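Student: For reference, this is model-v1.txt, and it has compact mmCIF, C-alpha atoms.
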# COMPACT_ATOMS: atom_id res chain seq x y z
CA MET I 227 -67.76 -8.16 32.53
CA LYS I 228 -68.87 -10.36 29.68
CA MET I 229 -69.27 -7.28 27.48
CA LEU I 230 -65.59 -6.28 27.71
CA PRO I 231 -64.32 -8.26 24.71
CA PHE I 232 -66.83 -6.38 22.58
CA PHE I 233 -66.01 -2.98 23.98
CA GLY I 234 -62.25 -3.31 23.62
CA PRO I 235 -62.02 -3.01 19.83
CA VAL I 236 -64.64 -0.21 19.81
CA LEU I 237 -62.66 1.80 22.34
CA LEU I 238 -59.43 1.31 20.40
CA PHE I 239 -61.17 2.46 17.26
CA LEU I 240 -62.43 5.61 18.98
CA TRP I 241 -58.96 6.30 20.37
CA SER I 242 -57.38 6.10 16.96
CA CYS I 243 -60.05 8.35 15.46
CA GLY I 244 -59.71 10.91 18.21
CA SER I 245 -56.12 11.95 17.55
CA PRO I 246 -55.19 11.64 13.88
CA ASN I 247 -52.60 14.41 14.15
CA SER I 248 -50.54 12.82 16.88
CA ASN I 249 -50.19 9.67 14.77
CA ALA I 250 -49.06 11.66 11.77
CA GLU I 251 -46.57 13.52 13.95
CA LYS I 252 -45.17 10.26 15.19
CA GLU I 253 -44.58 9.20 11.60
CA LEU I 254 -42.75 12.45 10.89
CA LYS I 255 -40.57 12.50 13.97
CA HIS I 256 -37.53 14.58 13.07
CA LEU I 257 -34.08 13.12 12.64
CA PRO I 258 -31.33 14.43 14.92
CA PHE I 259 -28.65 16.86 13.76
CA MET I 260 -25.20 15.31 13.86
CA GLY I 261 -22.18 17.25 15.07
CA GLU I 262 -21.74 20.15 17.47
CA PRO I 263 -23.89 23.31 17.46
CA MET I 264 -22.15 26.67 17.02
CA LEU I 265 -23.25 29.26 19.57
CA ILE I 266 -22.76 32.78 18.21
CA GLN I 267 -23.49 35.98 20.13
CA ASN I 268 -25.61 38.28 17.97
CA ASP I 269 -25.89 42.09 17.90
CA GLN I 270 -28.84 42.04 20.30
CA GLY I 271 -26.65 40.45 22.95
CA SER I 272 -28.37 37.06 22.88
CA VAL I 273 -26.96 33.81 21.49
CA ASP I 274 -27.90 32.27 18.13
CA THR I 275 -27.58 28.53 17.65
CA LEU I 276 -26.17 27.69 14.25
CA TRP I 277 -25.39 24.30 12.80
CA PRO I 278 -22.34 23.34 10.67
CA ALA I 279 -23.22 22.44 7.09
CA LEU I 280 -21.06 20.27 4.86
CA PRO I 281 -18.17 22.16 3.25
CA ALA I 282 -18.00 23.60 -0.24
CA PHE I 283 -16.30 21.55 -2.95
CA THR I 284 -15.67 21.41 -6.68
CA LEU I 285 -15.14 17.96 -8.19
CA ALA I 286 -15.45 16.44 -11.65
CA SER I 287 -18.34 14.05 -12.22
CA GLN I 288 -18.77 11.12 -14.59
CA THR I 289 -20.67 13.40 -16.98
CA GLY I 290 -17.49 15.40 -17.64
CA ASP I 291 -18.92 18.50 -15.92
CA SER I 292 -17.93 19.67 -12.49
CA LEU I 293 -20.24 19.43 -9.51
CA THR I 294 -20.24 21.84 -6.56
CA GLN I 295 -22.21 22.20 -3.33
CA LEU I 296 -24.40 24.73 -5.17
CA ASP I 297 -25.77 21.92 -7.35
CA LEU I 298 -26.96 20.19 -4.17
CA ALA I 299 -28.61 23.24 -2.58
CA GLY I 300 -32.15 22.52 -1.45
CA LYS I 301 -31.80 18.77 -2.07
CA ILE I 302 -31.18 15.90 0.28
CA ARG I 303 -28.06 13.91 -0.41
CA VAL I 304 -26.56 10.52 0.35
CA ALA I 305 -22.76 10.33 0.09
CA ASP I 306 -20.27 7.50 0.12
CA PHE I 307 -16.51 7.05 -0.44
CA PHE I 308 -15.33 4.15 -2.60
CA PHE I 309 -13.04 3.24 -5.51
CA THR I 310 -13.82 1.28 -8.64
CA SER I 311 -11.10 -1.34 -8.22
CA CYS I 312 -11.89 -1.94 -4.55
CA PRO I 313 -11.79 -5.67 -3.85
CA THR I 314 -13.54 -5.59 -0.48
CA ILE I 315 -16.68 -3.78 0.70
CA CYS I 316 -17.31 -1.38 -2.22
CA PRO I 317 -19.47 -3.74 -4.30
CA MET I 318 -21.77 -4.15 -1.30
CA MET I 319 -21.92 -0.38 -0.81
CA SER I 320 -22.61 0.14 -4.51
CA ALA I 321 -25.35 -2.52 -4.41
CA GLN I 322 -27.00 -0.68 -1.51
CA MET I 323 -26.59 2.74 -3.17
CA LEU I 324 -28.19 1.19 -6.26
CA ARG I 325 -31.22 0.20 -4.15
CA ILE I 326 -31.55 3.83 -3.06
CA HIS I 327 -31.09 5.06 -6.65
CA GLU I 328 -33.79 2.69 -7.89
CA ARG I 329 -36.11 3.99 -5.20
CA PHE I 330 -35.43 7.74 -5.56
CA GLY I 331 -33.79 8.04 -9.01
CA SER I 332 -36.72 9.93 -10.51
CA ASN I 333 -37.00 12.33 -7.56
CA ASP I 334 -35.18 15.58 -8.38
CA GLN I 335 -35.06 16.42 -4.65
CA VAL I 336 -32.58 13.58 -4.02
CA VAL I 337 -28.94 13.33 -5.13
CA LEU I 338 -26.50 10.50 -4.49
CA ILE I 339 -22.77 11.31 -4.59
CA SER I 340 -20.08 8.64 -4.67
CA HIS I 341 -16.58 10.04 -4.17
CA SER I 342 -13.65 8.07 -5.52
CA ILE I 343 -10.82 7.86 -2.99
CA ASP I 344 -8.51 6.65 -5.80
CA PRO I 345 -8.87 9.63 -8.14
CA GLU I 346 -5.55 8.90 -9.85
CA HIS I 347 -7.01 5.71 -11.33
CA ASP I 348 -10.68 6.66 -11.30
CA SER I 349 -10.72 9.27 -14.07
CA VAL I 350 -13.93 10.75 -15.45
CA SER I 351 -14.05 8.08 -18.16
CA VAL I 352 -13.43 5.22 -15.68
CA LEU I 353 -16.25 6.56 -13.51
CA ALA I 354 -18.55 6.98 -16.53
CA ASP I 355 -17.97 3.35 -17.47
CA TYR I 356 -18.51 2.18 -13.88
CA ALA I 357 -21.75 4.17 -13.54
CA GLU I 358 -23.10 2.88 -16.84
CA LYS I 359 -22.34 -0.74 -15.96
CA LEU I 360 -23.81 -0.36 -12.50
CA GLY I 361 -27.03 1.13 -13.88
CA ALA I 362 -26.55 4.56 -12.29
CA SER I 363 -27.28 7.83 -14.05
CA ALA I 364 -26.94 11.56 -13.43
CA PRO I 365 -28.51 13.79 -12.21
CA GLY I 366 -29.76 11.31 -9.61
CA TRP I 367 -26.33 9.83 -8.92
CA PHE I 368 -22.96 11.50 -9.46
CA PHE I 369 -19.57 9.77 -9.27
CA LEU I 370 -16.90 12.29 -8.31
CA THR I 371 -13.17 12.54 -8.79
CA GLY I 372 -10.58 15.28 -8.22
CA ASP I 373 -7.94 16.27 -5.71
CA MET I 374 -7.25 13.32 -3.40
CA ASP I 375 -6.51 15.42 -0.30
CA LEU I 376 -9.76 17.32 -0.80
CA ILE I 377 -11.69 14.04 -1.11
CA PHE I 378 -10.04 12.59 2.02
CA SER I 379 -10.94 15.77 3.93
CA LEU I 380 -14.51 15.57 2.65
CA ALA I 381 -14.69 11.96 3.87
CA ASP I 382 -13.79 13.21 7.33
CA ALA I 383 -16.38 16.01 7.14
CA TYR I 384 -19.07 13.49 6.12
CA GLY I 385 -18.37 11.36 9.21
CA SER I 386 -16.68 8.76 7.03
CA PHE I 387 -13.01 7.91 6.66
CA ALA I 388 -10.51 7.28 3.86
CA GLU I 389 -6.74 7.07 3.64
CA LYS I 390 -3.97 5.52 1.60
CA ASP I 391 -2.79 2.29 3.16
CA PRO I 392 -0.38 0.03 1.29
CA ASN I 393 -1.33 -2.84 3.61
CA ALA I 394 -5.06 -2.59 2.88
CA PRO I 395 -6.55 -4.60 0.00
CA GLY I 396 -6.48 -2.36 -3.08
CA GLY I 397 -4.18 0.18 -1.37
CA PHE I 398 -6.81 2.22 0.50
CA ALA I 399 -8.44 1.91 3.90
CA HIS I 400 -11.92 3.38 4.13
CA SER I 401 -15.24 3.23 5.88
CA GLY I 402 -18.43 1.78 4.40
CA ALA I 403 -20.52 4.66 5.72
CA LEU I 404 -23.42 6.20 3.81
CA THR I 405 -24.03 9.75 5.03
CA LEU I 406 -27.44 11.40 4.81
CA ALA I 407 -27.59 15.20 4.70
CA ASP I 408 -30.64 17.44 4.52
CA ARG I 409 -31.61 20.29 2.17
CA GLN I 410 -29.32 22.70 4.06
CA GLY I 411 -26.35 20.32 4.00
CA ARG I 412 -26.59 19.36 7.67
CA ILE I 413 -25.71 15.72 8.45
CA ARG I 414 -28.79 13.90 9.79
CA GLY I 415 -27.58 10.30 9.83
CA VAL I 416 -24.66 7.96 9.11
CA TYR I 417 -25.42 4.34 8.16
CA ASP I 418 -23.46 1.17 7.49
CA GLY I 419 -23.59 0.81 3.71
CA THR I 420 -22.73 -2.89 3.90
CA ASN I 421 -25.78 -3.73 6.00
CA PRO I 422 -29.07 -3.95 4.06
CA GLU I 423 -31.14 -3.49 7.23
CA GLU I 424 -29.40 -0.21 8.03
CA VAL I 425 -30.06 0.90 4.48
CA ASP I 426 -33.76 0.05 4.95
CA ARG I 427 -33.65 2.52 7.83
CA LEU I 428 -31.79 5.08 5.70
CA ILE I 429 -34.53 4.87 3.05
CA LEU I 430 -37.21 5.52 5.69
CA ASP I 431 -35.16 8.43 7.05
CA MET I 432 -34.89 9.89 3.54
CA GLU I 433 -38.70 9.86 3.32
CA ARG I 434 -38.79 11.75 6.61
CA LEU I 435 -36.35 14.38 5.35
CA LEU I 436 -38.31 14.80 2.12
CA ALA I 437 -41.42 15.51 4.20
CA GLU I 438 -39.63 18.01 6.45
CA ALA I 439 -39.98 21.78 5.98
CA PRO I 440 -36.75 23.04 4.29
CA ASP I 441 -36.22 25.70 7.00
CA TYR I 442 -36.66 23.31 9.93
CA GLY I 443 -34.09 23.44 12.71
CA PRO I 444 -31.09 25.68 13.45
CA GLU I 445 -29.68 27.79 10.66
CA ALA I 446 -26.90 26.06 8.70
CA VAL I 447 -23.44 27.59 8.28
CA PRO I 448 -20.91 26.03 5.91
CA VAL I 449 -17.64 25.21 7.64
CA GLY I 450 -14.23 25.23 6.05
CA LEU I 451 -12.11 22.15 5.45
CA ASP I 452 -8.96 21.49 7.37
CA TYR I 453 -7.09 21.14 4.14
CA ALA I 454 -4.51 23.16 2.25
CA GLN I 455 -4.72 23.13 -1.53
CA MET U 26 -51.17 -43.66 10.25
CA ILE U 27 -50.88 -43.86 6.49
CA LEU U 28 -49.65 -40.29 6.31
CA GLY U 29 -47.06 -41.09 8.98
CA ALA U 30 -45.81 -44.09 7.04
CA PHE U 31 -45.46 -41.97 3.92
CA LEU U 32 -43.54 -39.32 5.81
CA ILE U 33 -41.14 -41.91 7.24
CA LEU U 34 -40.66 -43.54 3.84
CA GLY U 35 -40.18 -40.17 2.18
CA PHE U 36 -37.60 -39.07 4.74
CA GLY U 37 -35.83 -42.43 4.44
CA ALA U 38 -35.63 -42.04 0.68
CA LEU U 39 -34.22 -38.52 1.07
CA VAL U 40 -31.49 -39.76 3.40
CA LEU U 41 -30.63 -42.60 1.01
CA PHE U 42 -30.27 -40.27 -1.95
CA LEU U 43 -28.19 -37.62 -0.22
CA PRO U 44 -24.50 -38.40 -0.63
CA LYS U 45 -22.74 -38.86 2.68
CA GLY U 46 -21.51 -35.68 4.31
CA GLU U 47 -23.05 -33.37 1.73
CA GLY U 48 -24.91 -31.33 4.32
CA ALA U 49 -21.71 -30.62 6.24
CA THR U 50 -19.67 -29.45 3.25
CA VAL U 51 -22.50 -27.16 2.10
CA LYS U 52 -22.85 -25.72 5.58
CA ARG U 53 -19.13 -24.99 5.82
CA GLY U 54 -19.30 -23.63 2.28
CA GLU U 55 -22.07 -21.23 3.21
CA LYS U 56 -19.96 -19.73 5.99
CA LEU U 57 -16.94 -19.38 3.68
CA TYR U 58 -19.08 -17.93 0.88
CA MET U 59 -20.34 -15.21 3.22
CA GLN U 60 -16.75 -14.39 4.24
CA GLN U 61 -14.99 -14.65 0.89
CA CYS U 62 -17.48 -14.23 -1.97
CA MET U 63 -20.59 -12.38 -0.79
CA ASN U 64 -19.03 -8.89 -0.88
CA CYS U 65 -18.87 -8.98 -4.65
CA HIS U 66 -21.29 -11.65 -5.83
CA GLY U 67 -23.95 -10.83 -3.26
CA LYS U 68 -25.73 -12.95 -0.68
CA ASP U 69 -28.15 -14.03 -3.39
CA GLY U 70 -25.36 -14.64 -5.94
CA LYS U 71 -26.81 -12.10 -8.35
CA GLY U 72 -23.58 -10.12 -8.85
CA LEU U 73 -23.63 -6.36 -9.44
CA GLY U 74 -25.08 -4.85 -12.62
CA LYS U 75 -22.73 -5.32 -15.55
CA LEU U 76 -19.73 -5.04 -13.23
CA ILE U 77 -19.74 -8.42 -11.47
CA PRO U 78 -21.38 -11.50 -12.99
CA GLY U 79 -24.08 -13.41 -11.15
CA LEU U 80 -23.40 -17.03 -10.25
CA HIS U 81 -26.51 -18.49 -11.87
CA HIS U 82 -24.82 -18.56 -15.32
CA ALA U 83 -24.22 -22.22 -16.20
CA GLU U 84 -21.00 -21.41 -18.05
CA LEU U 85 -19.45 -19.83 -14.96
CA LEU U 86 -20.41 -22.88 -12.92
CA GLN U 87 -18.44 -25.31 -15.07
CA LYS U 88 -16.18 -26.89 -12.51
CA GLU U 89 -12.96 -26.10 -14.37
CA ARG U 90 -13.81 -22.37 -14.42
CA LEU U 91 -15.30 -22.12 -10.96
CA ILE U 92 -12.64 -24.04 -9.05
CA CYS U 93 -9.71 -22.33 -10.77
CA ALA U 94 -11.23 -18.86 -10.40
CA ILE U 95 -11.67 -19.29 -6.64
CA ARG U 96 -7.98 -20.04 -6.13
CA TYR U 97 -6.28 -18.08 -8.90
CA GLY U 98 -8.72 -15.23 -9.46
CA LYS U 99 -9.75 -13.87 -12.82
CA SER U 100 -8.58 -10.91 -14.83
CA GLY U 101 -9.12 -9.66 -18.35
CA PRO U 102 -12.43 -9.55 -20.19
CA LEU U 103 -14.92 -12.30 -19.40
CA GLU U 104 -17.90 -12.85 -21.66
CA VAL U 105 -20.97 -14.41 -20.10
CA ASP U 106 -24.25 -14.73 -22.00
CA GLY U 107 -23.20 -11.95 -24.39
CA GLN U 108 -22.16 -9.51 -21.64
CA VAL U 109 -18.48 -8.66 -21.25
CA TYR U 110 -17.22 -8.14 -17.68
CA ASN U 111 -13.93 -6.35 -17.16
CA GLY U 112 -13.49 -6.51 -13.42
CA GLN U 113 -10.81 -8.35 -11.55
CA MET U 114 -11.44 -11.24 -9.21
CA PRO U 115 -8.57 -11.45 -6.71
CA PRO U 116 -6.79 -14.77 -6.19
CA ASN U 117 -7.17 -16.44 -2.82
CA PHE U 118 -4.35 -18.66 -1.64
CA THR U 119 -5.56 -18.81 1.96
CA LEU U 120 -8.28 -21.35 1.13
CA ASP U 121 -7.20 -25.00 1.24
CA ASP U 122 -8.49 -27.62 -1.21
CA GLY U 123 -11.23 -28.77 1.16
CA GLU U 124 -12.48 -25.23 1.71
CA ILE U 125 -12.65 -24.67 -2.05
CA ARG U 126 -14.70 -27.88 -2.32
CA ASP U 127 -17.06 -26.55 0.37
CA ILE U 128 -17.56 -23.21 -1.42
CA VAL U 129 -18.11 -24.95 -4.76
CA ASN U 130 -20.71 -27.26 -3.21
CA TYR U 131 -22.52 -24.33 -1.57
CA VAL U 132 -22.55 -22.44 -4.90
CA TYR U 133 -23.87 -25.52 -6.71
CA THR U 134 -26.58 -26.04 -4.09
CA GLN U 135 -27.71 -22.42 -4.09
CA PHE U 136 -27.28 -21.14 -7.62
CA ALA U 137 -26.99 -24.04 -10.10
CA GLU U 138 -30.03 -25.16 -12.06
CA ALA U 139 -29.13 -28.78 -11.32
CA PRO U 140 -27.52 -28.87 -7.86
CA LYS U 141 -24.63 -31.28 -7.49
CA SER U 142 -21.81 -32.05 -5.11
CA LEU U 143 -18.11 -32.66 -5.75
CA ASP U 144 -15.79 -34.71 -3.58
CA LEU U 145 -12.27 -33.70 -2.57
CA PRO U 146 -10.32 -35.78 -5.17
CA GLU U 147 -12.40 -34.26 -7.99
CA VAL U 148 -11.62 -30.76 -6.77
CA GLN U 149 -7.92 -31.55 -6.30
CA ASP U 150 -7.71 -33.03 -9.81
CA GLN U 151 -9.13 -29.85 -11.18
CA LEU U 152 -6.81 -27.65 -9.12
CA ARG U 153 -3.81 -29.50 -10.57
CA ASN U 154 -5.20 -28.89 -14.04
CA CYS U 155 -5.62 -25.13 -13.61
CA ALA U 156 -1.91 -24.52 -14.06
CA GLN U 157 -1.63 -27.15 -16.82
CA ALA U 158 -4.49 -25.79 -18.87
CA ASN U 159 -3.37 -22.20 -18.63
CA PRO U 160 0.16 -21.55 -17.38
CA ARG U 161 -0.50 -17.83 -16.97
CA LEU U 162 -3.51 -18.67 -14.85
CA GLN U 163 -5.68 -16.09 -16.54
CA TRP U 164 -9.06 -17.56 -15.76
Would you kindly transcribe this structure into C-alpha cells?
Tutor:
Amino acid sequence: MKMLPFFGPVLLFLWSCGSPNSNAEKELKHLPFMGEPMLIQNDQGSVDTLWPALPAFTLASQTGDSLTQLDLAGKIRVADFFFTSCPTICPMMSAQMLRIHERFGSNDQVVLISHSIDPEHDSVSVLADYAEKLGASAPGWFFLTGDMDLIFSLADAYGSFAEKDPNAPGGFAHSGALTLADRQGRIRGVYDGTNPEEVDRLILDMERLLAEAPDYGPEAVPVGLDYAQ
Amino acid sequence: MILGAFLILGFGALVLFLPKGEGATVKRGEKLYMQQCMNCHGKDGKGLGKLIPGLHHAELLQKERLICAIRYGKSGPLEVDGQVYNGQMPPNFTLDDGEIRDIVNYVYTQFAEAPKSLDLPEVQDQLRNCAQANPRLQW
C-alpha cells in the first residue's frame, strides 16, 4: 500500500502515452451545424442530408469594390451587424472583432465581415474612415454597405437581428451577435459580441474550424433570402 | 509582534489619509461607469482605436471637460495628444449631480496618473459653469 503514491503518477503517464490520438481528437471535437437539415430524396430512392449555407449577396466594401459570397468561398468567416454612429453596444462589438482581427488578420483563410445596418449614412467613404481609425484592413476585414432590406434579411439569415426603430438609441435596434460560418458557408456558432469570454470561446472555435477538413459534414446548399429587391 | 504593530500603524495611517466616504462614491461610480461609459470607453478605459479616446489622457480628465462631457455629451472634432477624434458622445440627463461625482471619482481612481476625489459642491459648481463657459454646450 505504501508504494501507491509512487505508482500513481507512473500509471497516469503510461495512460497518456498509450492513446495520443484520442487526446488529439478531443481537441478537435467538431462544432455543431446550426439550423435545420434539408432531407432530399435522390435518384437512387434514398435520402440525402443537405445543410443550408448562407445566402448569396453583393455589397460594397470600404475598399470601393464589391464583395460577394464567392470572395468568401473556402474561407471561414465571422459576421456582425452594426452602424458607425451607434451609441450603444457597437463599440464593444468592434473592440471584440478587433481582437479577432489582431489574432487572425494575417491568415488568408479567415475573413471578418461587418455589415452596416445604416447604409444610408454609412457610405463607402464613411466605412473606409471607420475601418482606418479602428485599425482594421481588407482583405482580413471588410465593412459592407448596400441595400438596407438585403442587409436586414442577411442579419436574419446569420442568426442575428436588425431593424429600424425610432425609439432605439441611434434609430436602429439590433443584436450584438457574432456569427461564425465554416468554409462552406454553414453556420457553426453564434456568440455574444459584447462578452469577451464568449469571444474567447469563438477564437478557440475558429481554430477548430481551421483544422477541420473542408469537406467535413453534410453537403452545403445555398438558400435564398426571403426578400424582394 | 513588531510586524503586527507596523501593520496596524500602516492601516491606521491609510484610514487617516483617505477622505471620508471616498470608498463609497468610487464603488457607486464603478457600477455607473459599467452601465453608462464602458460600452464606448471600455472596461479598462482604453477607448477604441482612433475612434473613441482613452480616459488616461490628462487633458480629458481636467474636471471642467470631464464633468461637462458626462452631462452634455461632446460633438465636433476633439484633439487629444495630436489625434483628432470625430465621434459623438451622447448627453446624459438621467444622471444626477451626485452620480456624476461618483463616475468622476471612479475615473480619477482608475485612470488618472494622480488619483483624486471631488466632493459634491465642487462638481455642482462645475456643472453650473458648463453652460456659462460655452452656451452651445459643445464640449
Student: For Pro395 in chain I, find every residue with an atom within 10 Å (counting only C-alpha atoms), except residues of its own chain fewer than 3 positions away, and show them as number ranges by chain.
Tutor: I: 311-314, 391-392, 398-399; U: 115
Student: Give the residues of chain I that lie within 8 Å of chain U; count all atoms listed in the file, and format the answer as a list of chain:residue names.
Tutor: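 Output check: I:Ser311, I:Pro313, I:Thr314, I:Ile315, I:Cys316, I:Pro317, I:Met318, I:Ala321, I:Tyr356, I:Lys359, I:Leu360, I:Gly361.
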Student: Would you please work out which residue, of I:His256, I:Arg412, I:His341, I:His347, is nearest to Trp277 in chain I when using all atoms listed in the file?
Tutor: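 Of all the options, I:Arg412 lies closest to Trp277 in chain I.
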Student: Mind checking which residues fall within 12 Å of Asp121 in chain U, counting all atoms listed in the file, ignoring those fewer than 2 positions away in the same chain, and posting them as a ChimeraX atom specification?
Tutor: /U:57,92,95-96,117-119,123-128,145,148-149,152
Student: Excluding Gly385 in chain I and residues on its chain fewer than 2 positions from it, collect all residues at most 12 Å away from it, counting all atoms listed in the file, and give them as number ranges by chain.
Tutor: I: 260-261, 280, 305-307, 378-383, 387-388, 400-407, 412-418
Student: How would the residues just chosen look if you wrote them out with C-alpha atoms as a compact mmCIF listing (two decimals), in the coordinates of the input?
Tutor:
# COMPACT_ATOMS: atom_id res chain seq x y z
CA MET I 260 -25.20 15.31 13.86
CA GLY I 261 -22.18 17.25 15.07
CA LEU I 280 -21.06 20.27 4.86
CA ALA I 305 -22.76 10.33 0.09
CA ASP I 306 -20.27 7.50 0.12
CA PHE I 307 -16.51 7.05 -0.44
CA PHE I 378 -10.04 12.59 2.02
CA SER I 379 -10.94 15.77 3.93
CA LEU I 380 -14.51 15.57 2.65
CA ALA I 381 -14.69 11.96 3.87
CA ASP I 382 -13.79 13.21 7.33
CA ALA I 383 -16.38 16.01 7.14
CA PHE I 387 -13.01 7.91 6.66
CA ALA I 388 -10.51 7.28 3.86
CA HIS I 400 -11.92 3.38 4.13
CA SER I 401 -15.24 3.23 5.88
CA GLY I 402 -18.43 1.78 4.40
CA ALA I 403 -20.52 4.66 5.72
CA LEU I 404 -23.42 6.20 3.81
CA THR I 405 -24.03 9.75 5.03
CA LEU I 406 -27.44 11.40 4.81
CA ALA I 407 -27.59 15.20 4.70
CA ARG I 412 -26.59 19.36 7.67
CA ILE I 413 -25.71 15.72 8.45
CA ARG I 414 -28.79 13.90 9.79
CA GLY I 415 -27.58 10.30 9.83
CA VAL I 416 -24.66 7.96 9.11
CA TYR I 417 -25.42 4.34 8.16
CA ASP I 418 -23.46 1.17 7.49
Student: Give the answer as one residue: which of U:Val129, U:Asp144, U:Leu103, U:Gly48 has the shortest atom-to-atom distance to Glu89 in chain U, using only C-alpha atoms?
Tutor: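 Ranking U:Val129, U:Asp144, U:Leu103, U:Gly48 by distance to Glu89 in chain U, first place goes to U:Val129.
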Student: Work out how far CA of Leu257 in chain I is from CA of Val336 in chain I, in Å to one decimal.
Tutor: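 Separating CA of Val336 in chain I from CA of Leu257 in chain I is a distance of 16.7 Å.
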Student: In Å to one decimal, how far is CA of Glu47 in chain U from CA of Cys155 in chain U?
Tutor: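 So the two atoms, CA of Cys155 in chain U and CA of Glu47 in chain U, lie 24.6 Å apart.
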Student: With only C-alpha atoms as the basis for distance, which of I:Gly372, I:Asp274, I:Glu346, I:Gly366 is at the shortest distance from Asn333 in chain I?
Tutor: I:Gly366
Student: Any chance you could work out the axis-aligned box around range 110-119 of chain U, listed atoms only, 6 Å on each side, giving centre and edge lengths in Å to one decimal, as AutoDock Vina command-line options?
Tutor:
--center_x -10.8 --center_y -12.6 --center_z -7.9 --size_x 24.9 --size_y 24.5 --size_z 31.6
Student: With only C-alpha atoms counted, which protein, DNA or RNA residues have an atom no more than 12 Å from (-10.4, 11.0, -19.0) in the file frame? Please answer as a VMD selection string.
Tutor: chain I and resid 286 to 291 345 to 355 371 to 372
Student: Excluding Gly107 in chain U and residues on its chain fewer than 2 positions from it, collect all residues at most 12 Å away from it, counting only C-alpha atoms, and give them as an MDAnalysis selection string.
Tutor: chainID U and resid 75 78 82 84 102:105 109:110
Student: Which distance in Å separates CA of Ala357 in chain I and CA of Phe309 in chain I, to one decimal?
Tutor: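 So the answer is 11.9 Å.
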Student: As a PDB file, keeping the file's coordinate frame, could you write out range 97-111 of chain U once it has been completed with N, CA and C atoms?
Tutor:
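Saved result, result-v4.pdb, follows:
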ATOM      1  N   TYR U  97      -7.239 -18.906  -8.147  1.00  0.00           N
ATOM      2  CA  TYR U  97      -6.280 -18.080  -8.900  1.00  0.00           C
ATOM      3  C   TYR U  97      -6.862 -16.744  -9.343  1.00  0.00           C
ATOM      4  N   GLY U  98      -8.120 -16.491  -9.060  1.00  0.00           N
ATOM      5  CA  GLY U  98      -8.720 -15.230  -9.460  1.00  0.00           C
ATOM      6  C   GLY U  98      -9.010 -15.196 -10.947  1.00  0.00           C
ATOM      7  N   LYS U  99      -9.364 -13.996 -11.404  1.00  0.00           N
ATOM      8  CA  LYS U  99      -9.750 -13.870 -12.820  1.00  0.00           C
ATOM      9  C   LYS U  99      -9.491 -12.438 -13.224  1.00  0.00           C
ATOM     10  N   SER U 100      -8.746 -12.277 -14.338  1.00  0.00           N
ATOM     11  CA  SER U 100      -8.580 -10.910 -14.830  1.00  0.00           C
ATOM     12  C   SER U 100      -8.754 -10.917 -16.337  1.00  0.00           C
ATOM     13  N   GLY U 101      -8.878  -9.754 -16.909  1.00  0.00           N
ATOM     14  CA  GLY U 101      -9.120  -9.660 -18.350  1.00  0.00           C
ATOM     15  C   GLY U 101     -10.594  -9.817 -18.634  1.00  0.00           C
ATOM     16  N   PRO U 102     -11.007  -9.517 -19.869  1.00  0.00           N
ATOM     17  CA  PRO U 102     -12.430  -9.550 -20.190  1.00  0.00           C
ATOM     18  C   PRO U 102     -13.009 -10.967 -20.065  1.00  0.00           C
ATOM     19  N   LEU U 103     -14.226 -11.021 -19.584  1.00  0.00           N
ATOM     20  CA  LEU U 103     -14.920 -12.300 -19.400  1.00  0.00           C
ATOM     21  C   LEU U 103     -16.312 -12.146 -20.009  1.00  0.00           C
ATOM     22  N   GLU U 104     -16.591 -12.967 -21.013  1.00  0.00           N
ATOM     23  CA  GLU U 104     -17.900 -12.850 -21.660  1.00  0.00           C
ATOM     24  C   GLU U 104     -18.836 -13.915 -21.117  1.00  0.00           C
ATOM     25  N   VAL U 105     -19.976 -13.473 -20.621  1.00  0.00           N
ATOM     26  CA  VAL U 105     -20.970 -14.410 -20.100  1.00  0.00           C
ATOM     27  C   VAL U 105     -22.334 -14.039 -20.682  1.00  0.00           C
ATOM     28  N   ASP U 106     -22.937 -14.958 -21.379  1.00  0.00           N
ATOM     29  CA  ASP U 106     -24.250 -14.730 -22.000  1.00  0.00           C
ATOM     30  C   ASP U 106     -24.274 -13.400 -22.769  1.00  0.00           C
ATOM     31  N   GLY U 107     -23.217 -13.133 -23.524  1.00  0.00           N
ATOM     32  CA  GLY U 107     -23.200 -11.950 -24.390  1.00  0.00           C
ATOM     33  C   GLY U 107     -22.759 -10.669 -23.686  1.00  0.00           C
ATOM     34  N   GLN U 108     -22.592 -10.704 -22.376  1.00  0.00           N
ATOM     35  CA  GLN U 108     -22.160  -9.510 -21.640  1.00  0.00           C
ATOM     36  C   GLN U 108     -20.684  -9.645 -21.280  1.00  0.00           C
ATOM     37  N   VAL U 109     -19.908  -8.604 -21.577  1.00  0.00           N
ATOM     38  CA  VAL U 109     -18.480  -8.660 -21.250  1.00  0.00           C
ATOM     39  C   VAL U 109     -18.238  -7.988 -19.900  1.00  0.00           C
ATOM     40  N   TYR U 110     -17.592  -8.695 -18.996  1.00  0.00           N
ATOM     41  CA  TYR U 110     -17.220  -8.140 -17.680  1.00  0.00           C
ATOM     42  C   TYR U 110     -15.725  -7.877 -17.684  1.00  0.00           C
ATOM     43  N   ASN U 111     -15.339  -6.725 -17.129  1.00  0.00           N
ATOM     44  CA  ASN U 111     -13.930  -6.350 -17.160  1.00  0.00           C
ATOM     45  C   ASN U 111     -13.291  -6.244 -15.792  1.00  0.00           C
TER      46      ASN U 111
END
